[in-house]
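I have placed the structure first, in the form of structure tokens, so that the comments after it can refer back to it.
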Amino acid sequence: MNKTITSTANPLFKSLLELKSTSGRKAQGRFLIEGVHMVKMAINVHIVEQIIALSPCENIEEAILQIIVPASLMKRLATQVTPQGVLAVCRELPIDFMLGPQIIYLDGVNDPGNLGTIIRSAAAFGIETILLSPDCVSLYNPKALAASQGAIFTVNVRESSIDELKRLKEQGYRLIGTRLHEEAIPLNRFAYPKKFVLVFGSEAHGIGQVLLPLLDESIVIPMEYIESLNVAMAATIIMYDMKYR
């Protein structure tokens, strides 16, 4: 089924435009993705409601409404500097409460590029679950979605809380913090437990003071000429170590 929109005054277009804001996404329970690769992945996991394109796409099931727009309206909806000419409106991803033995917890990570990169690295190295503190950047931020390169469709990512971390500790998970501290264990000497939550703090402040007392151990990446790494880079190094050491 196709529908053509040519005016910014169209109510449907206004509804689509609202999805560029956090409040609009929350109100509708939907989000926008961009590009052929992302749209195909979203179709495969059956969360696409509408496709917005410059011309009709082939082999799209009838239940998905195709909205045809001119380039001027596409530019208004897209966030990429050079729009690829296709977007999709998706339902929010289903929440999976099944947790594997290795979990990532992000405490206050607010850069969307870092969040998307961490999700992509988790998919690459087989981490099934990422938990986000309430003050993390939204999973559905356009820059986070773009940086994830579709990994959001393969990794279980959802908002969590310190209360859930406490419950995980009661279930035998060890909480391991990544921090610059004199008692932190160098990564190359650290022995991973069977069940653990690996905690990464915010770019500016590290792990929050409320969370620090819950940590069972701290680890640090040994470095020579600098003191710290971008949180996404650090997370990727540690996940690689978890997978292949």
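We name chains A, B, ... following the order of the structure tokens; residues begin at 1 in each chain, and ligands are numbered from 1 as shown.
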Would you give me, as a Markdown table, each residue of segment 100-155 of chain A having an atom within 12 Å of an atom of segment 209-224 of chain A, along with its shortest atom pair and that distance in Å to one decimal, using only C-alpha atoms and sorting by chain and residue number?
```
| residue | atom | partner | partner_atom | distance |
| --- | --- | --- | --- | --- |
| A:Tyr105 | CA | A:Leu211 | CA | 11.0 |
| A:Leu106 | CA | A:Leu211 | CA | 11.2 |
| A:Asp107 | CA | A:Leu211 | CA | 8.6 |
| A:Gly108 | CA | A:Leu211 | CA | 11.1 |
| A:Ser133 | CA | A:Leu211 | CA | 10.6 |
```
Any idea what's packed within 9 Å of Thr236 of chain A, counting only C-alpha atoms, ignoring anything in its chain fewer than 2 positions away? Could you give it as a list in words?
-> Thr117, Ile118, Ser121, Ala122, Phe125, Val231, Ala232, Met233, Ala234, Ile238, Met239, Tyr240 and Asp241 of chain A
Counting only C-alpha atoms, which residues of segment 103-166 of chain A sit at most 10 Å from some atom of segment 84-97 of chain A, and what is each one's closest atom pair with its distance in Å to one decimal, listed by chain and rising residue number, as CSV?
```
residue,atom,partner,partner_atom,distance
A:Thr129,CA,A:Asp96,CA,8.9
A:Leu139,CA,A:Glu92,CA,9.8
A:Tyr140,CA,A:Glu92,CA,8.5
A:Ile152,CA,A:Leu93,CA,8.6
A:Phe153,CA,A:Leu93,CA,7.9
A:Val155,CA,A:Asp96,CA,9.8
A:Asn156,CA,A:Asp96,CA,6.3
A:Val157,CA,A:Ile95,CA,7.8
A:Arg158,CA,A:Ile95,CA,6.7
A:Glu159,CA,A:Ile95,CA,9.4
```
Deliver the residues from the most recent selection as a file, using C-alpha atoms, as a PDB file, in the first residue's frame.
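Saved the output as result_30.pdb:
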```pdb
ATOM      1  CA  THR A 129      22.825  -7.896  26.956  1.00  0.00           C
ATOM      2  CA  LEU A 139      18.936   3.979  22.431  1.00  0.00           C
ATOM      3  CA  TYR A 140      16.797   5.533  19.705  1.00  0.00           C
ATOM      4  CA  ILE A 152      20.543  -2.856  17.976  1.00  0.00           C
ATOM      5  CA  PHE A 153      18.586  -5.620  16.249  1.00  0.00           C
ATOM      6  CA  VAL A 155      21.784  -7.210  21.101  1.00  0.00           C
ATOM      7  CA  ASN A 156      19.320  -7.023  23.992  1.00  0.00           C
ATOM      8  CA  VAL A 157      19.554  -3.361  25.080  1.00  0.00           C
ATOM      9  CA  ARG A 158      17.228  -1.888  27.682  1.00  0.00           C
ATOM     10  CA  GLU A 159      17.057   0.582  30.535  1.00  0.00           C
TER      11      GLU A 159
END
```
If we count only C-alpha atoms, what is near Leu198 of chain A at a cut-off of 9 Å, once residues fewer than 3 positions away on the same chain are taken out, given as a list in words?
-> Gln102, Ile103, Ile104, Tyr105, Leu106, Arg174, Leu175, Ile176, Gly177 and Thr178 of chain A
Written file, previous selection with N, CA and C atoms, as a compact mmCIF listing (two decimals), in the first residue's frame:
```
# COMPACT_ATOMS: atom_id res chain seq x y z
N GLN A 102 27.34 -12.82 30.83
CA GLN A 102 28.18 -11.62 30.67
C GLN A 102 27.29 -10.45 30.27
N ILE A 103 27.27 -9.43 31.10
CA ILE A 103 26.38 -8.28 30.90
C ILE A 103 27.21 -7.00 30.93
N ILE A 104 26.86 -6.05 30.07
CA ILE A 104 27.46 -4.72 30.10
C ILE A 104 26.45 -3.76 30.73
N TYR A 105 26.92 -2.94 31.67
CA TYR A 105 26.08 -1.90 32.26
C TYR A 105 26.73 -0.55 31.99
N LEU A 106 25.98 0.36 31.36
CA LEU A 106 26.50 1.69 31.05
C LEU A 106 25.88 2.70 32.01
N ARG A 174 29.00 -10.99 39.67
CA ARG A 174 30.00 -10.09 40.23
C ARG A 174 29.97 -8.78 39.46
N LEU A 175 30.04 -7.66 40.16
CA LEU A 175 30.05 -6.36 39.52
C LEU A 175 31.49 -5.88 39.39
N ILE A 176 31.89 -5.67 38.15
CA ILE A 176 33.28 -5.29 37.85
C ILE A 176 33.27 -3.91 37.23
N GLY A 177 33.94 -2.97 37.87
CA GLY A 177 33.99 -1.61 37.36
C GLY A 177 35.26 -1.33 36.59
N THR A 178 35.16 -0.53 35.55
CA THR A 178 36.35 -0.10 34.80
C THR A 178 36.67 1.31 35.27
```
Using backbone DSSP assignments, extract all strand (DSSP E) residues from segment 153-231 of chain A; output them as a list in words.
->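 Filtering segment 153-231 of chain A to strand (DSSP E) leaves Asn156, Val157, Arg158, Glu159, Arg174, Leu175, Ile176, Gly177, Thr178, Ile185, Pro186, Phe196, Val197, Leu198, Val199, Phe200, Glu217, Ser218, Ile219 and Val220 of chain A.
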N, CA and C atoms of the current selection, written as an mmCIF file, in the first residue's frame:
```cif
data_model
loop_
_atom_site.group_PDB
_atom_site.id
_atom_site.type_symbol
_atom_site.label_atom_id
_atom_site.label_comp_id
_atom_site.auth_asym_id
_atom_site.auth_seq_id
_atom_site.Cartn_x
_atom_site.Cartn_y
_atom_site.Cartn_z
ATOM 1 N N ASN A 156 20.397 -7.391 23.079
ATOM 2 C CA ASN A 156 19.320 -7.023 23.992
ATOM 3 C C ASN A 156 19.752 -5.784 24.779
ATOM 4 N N VAL A 157 19.202 -4.621 24.422
ATOM 5 C CA VAL A 157 19.554 -3.361 25.080
ATOM 6 C C VAL A 157 18.304 -2.787 25.734
ATOM 7 N N ARG A 158 18.389 -2.481 27.006
ATOM 8 C CA ARG A 158 17.228 -1.888 27.682
ATOM 9 C C ARG A 158 17.673 -1.077 28.888
ATOM 10 N N GLU A 159 16.783 -0.230 29.350
ATOM 11 C CA GLU A 159 17.057 0.582 30.535
ATOM 12 C C GLU A 159 17.002 -0.282 31.790
ATOM 13 N N ARG A 174 28.997 -10.992 39.673
ATOM 14 C CA ARG A 174 30.004 -10.094 40.231
ATOM 15 C C ARG A 174 29.966 -8.782 39.456
ATOM 16 N N LEU A 175 30.035 -7.664 40.163
ATOM 17 C CA LEU A 175 30.047 -6.359 39.523
ATOM 18 C C LEU A 175 31.488 -5.882 39.389
ATOM 19 N N ILE A 176 31.891 -5.672 38.149
ATOM 20 C CA ILE A 176 33.275 -5.295 37.850
ATOM 21 C C ILE A 176 33.266 -3.908 37.231
ATOM 22 N N GLY A 177 33.945 -2.973 37.869
ATOM 23 C CA GLY A 177 33.990 -1.613 37.360
ATOM 24 C C GLY A 177 35.261 -1.335 36.587
ATOM 25 N N THR A 178 35.160 -0.534 35.551
ATOM 26 C CA THR A 178 36.345 -0.102 34.803
ATOM 27 C C THR A 178 36.671 1.306 35.273
ATOM 28 N N ILE A 185 42.712 -3.849 39.047
ATOM 29 C CA ILE A 185 43.542 -4.941 38.534
ATOM 30 C C ILE A 185 43.815 -4.715 37.053
ATOM 31 N N PRO A 186 45.060 -4.748 36.603
ATOM 32 C CA PRO A 186 45.351 -4.619 35.169
ATOM 33 C C PRO A 186 44.605 -5.694 34.377
ATOM 34 N N PHE A 196 29.112 -12.169 35.451
ATOM 35 C CA PHE A 196 29.516 -10.827 35.878
ATOM 36 C C PHE A 196 28.819 -9.744 35.076
ATOM 37 N N VAL A 197 28.783 -8.565 35.697
ATOM 38 C CA VAL A 197 28.300 -7.350 35.046
ATOM 39 C C VAL A 197 29.493 -6.406 34.954
ATOM 40 N N LEU A 198 29.829 -6.008 33.735
ATOM 41 C CA LEU A 198 30.948 -5.113 33.505
ATOM 42 C C LEU A 198 30.413 -3.689 33.392
ATOM 43 N N VAL A 199 30.835 -2.818 34.294
ATOM 44 C CA VAL A 199 30.280 -1.474 34.409
ATOM 45 C C VAL A 199 31.229 -0.435 33.798
ATOM 46 N N PHE A 200 30.691 0.375 32.882
ATOM 47 C CA PHE A 200 31.431 1.494 32.309
ATOM 48 C C PHE A 200 30.733 2.788 32.713
ATOM 49 N N GLU A 217 34.939 -5.663 42.204
ATOM 50 C CA GLU A 217 36.329 -5.498 41.766
ATOM 51 C C GLU A 217 36.394 -4.382 40.740
ATOM 52 N N SER A 218 37.592 -3.854 40.525
ATOM 53 C CA SER A 218 37.819 -2.856 39.485
ATOM 54 C C SER A 218 38.958 -3.321 38.591
ATOM 55 N N ILE A 219 38.848 -2.988 37.304
ATOM 56 C CA ILE A 219 39.909 -3.331 36.374
ATOM 57 C C ILE A 219 40.333 -2.075 35.608
ATOM 58 N N VAL A 220 41.528 -2.117 35.050
ATOM 59 C CA VAL A 220 42.048 -0.998 34.288
ATOM 60 C C VAL A 220 42.849 -1.528 33.103
#
```
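You will find atom CA of Met74 of chain A at 23.6 Å from atom CA of Gly116 of chain A.
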Could you give me, as a Markdown table, every segment 59-112 of chain A residue with an atom at most 9 Å from segment 12-17 of chain A, plus its closest atom pair and distance in Å to one decimal, counting only C-alpha atoms, rows ordered by chain then number?
```
| residue | atom | partner | partner_atom | distance |
| --- | --- | --- | --- | --- |
| A:Leu73 | CA | A:Phe13 | CA | 8.5 |
| A:Arg76 | CA | A:Leu17 | CA | 7.7 |
| A:Leu77 | CA | A:Leu17 | CA | 6.0 |
| A:Val89 | CA | A:Leu16 | CA | 8.0 |
```
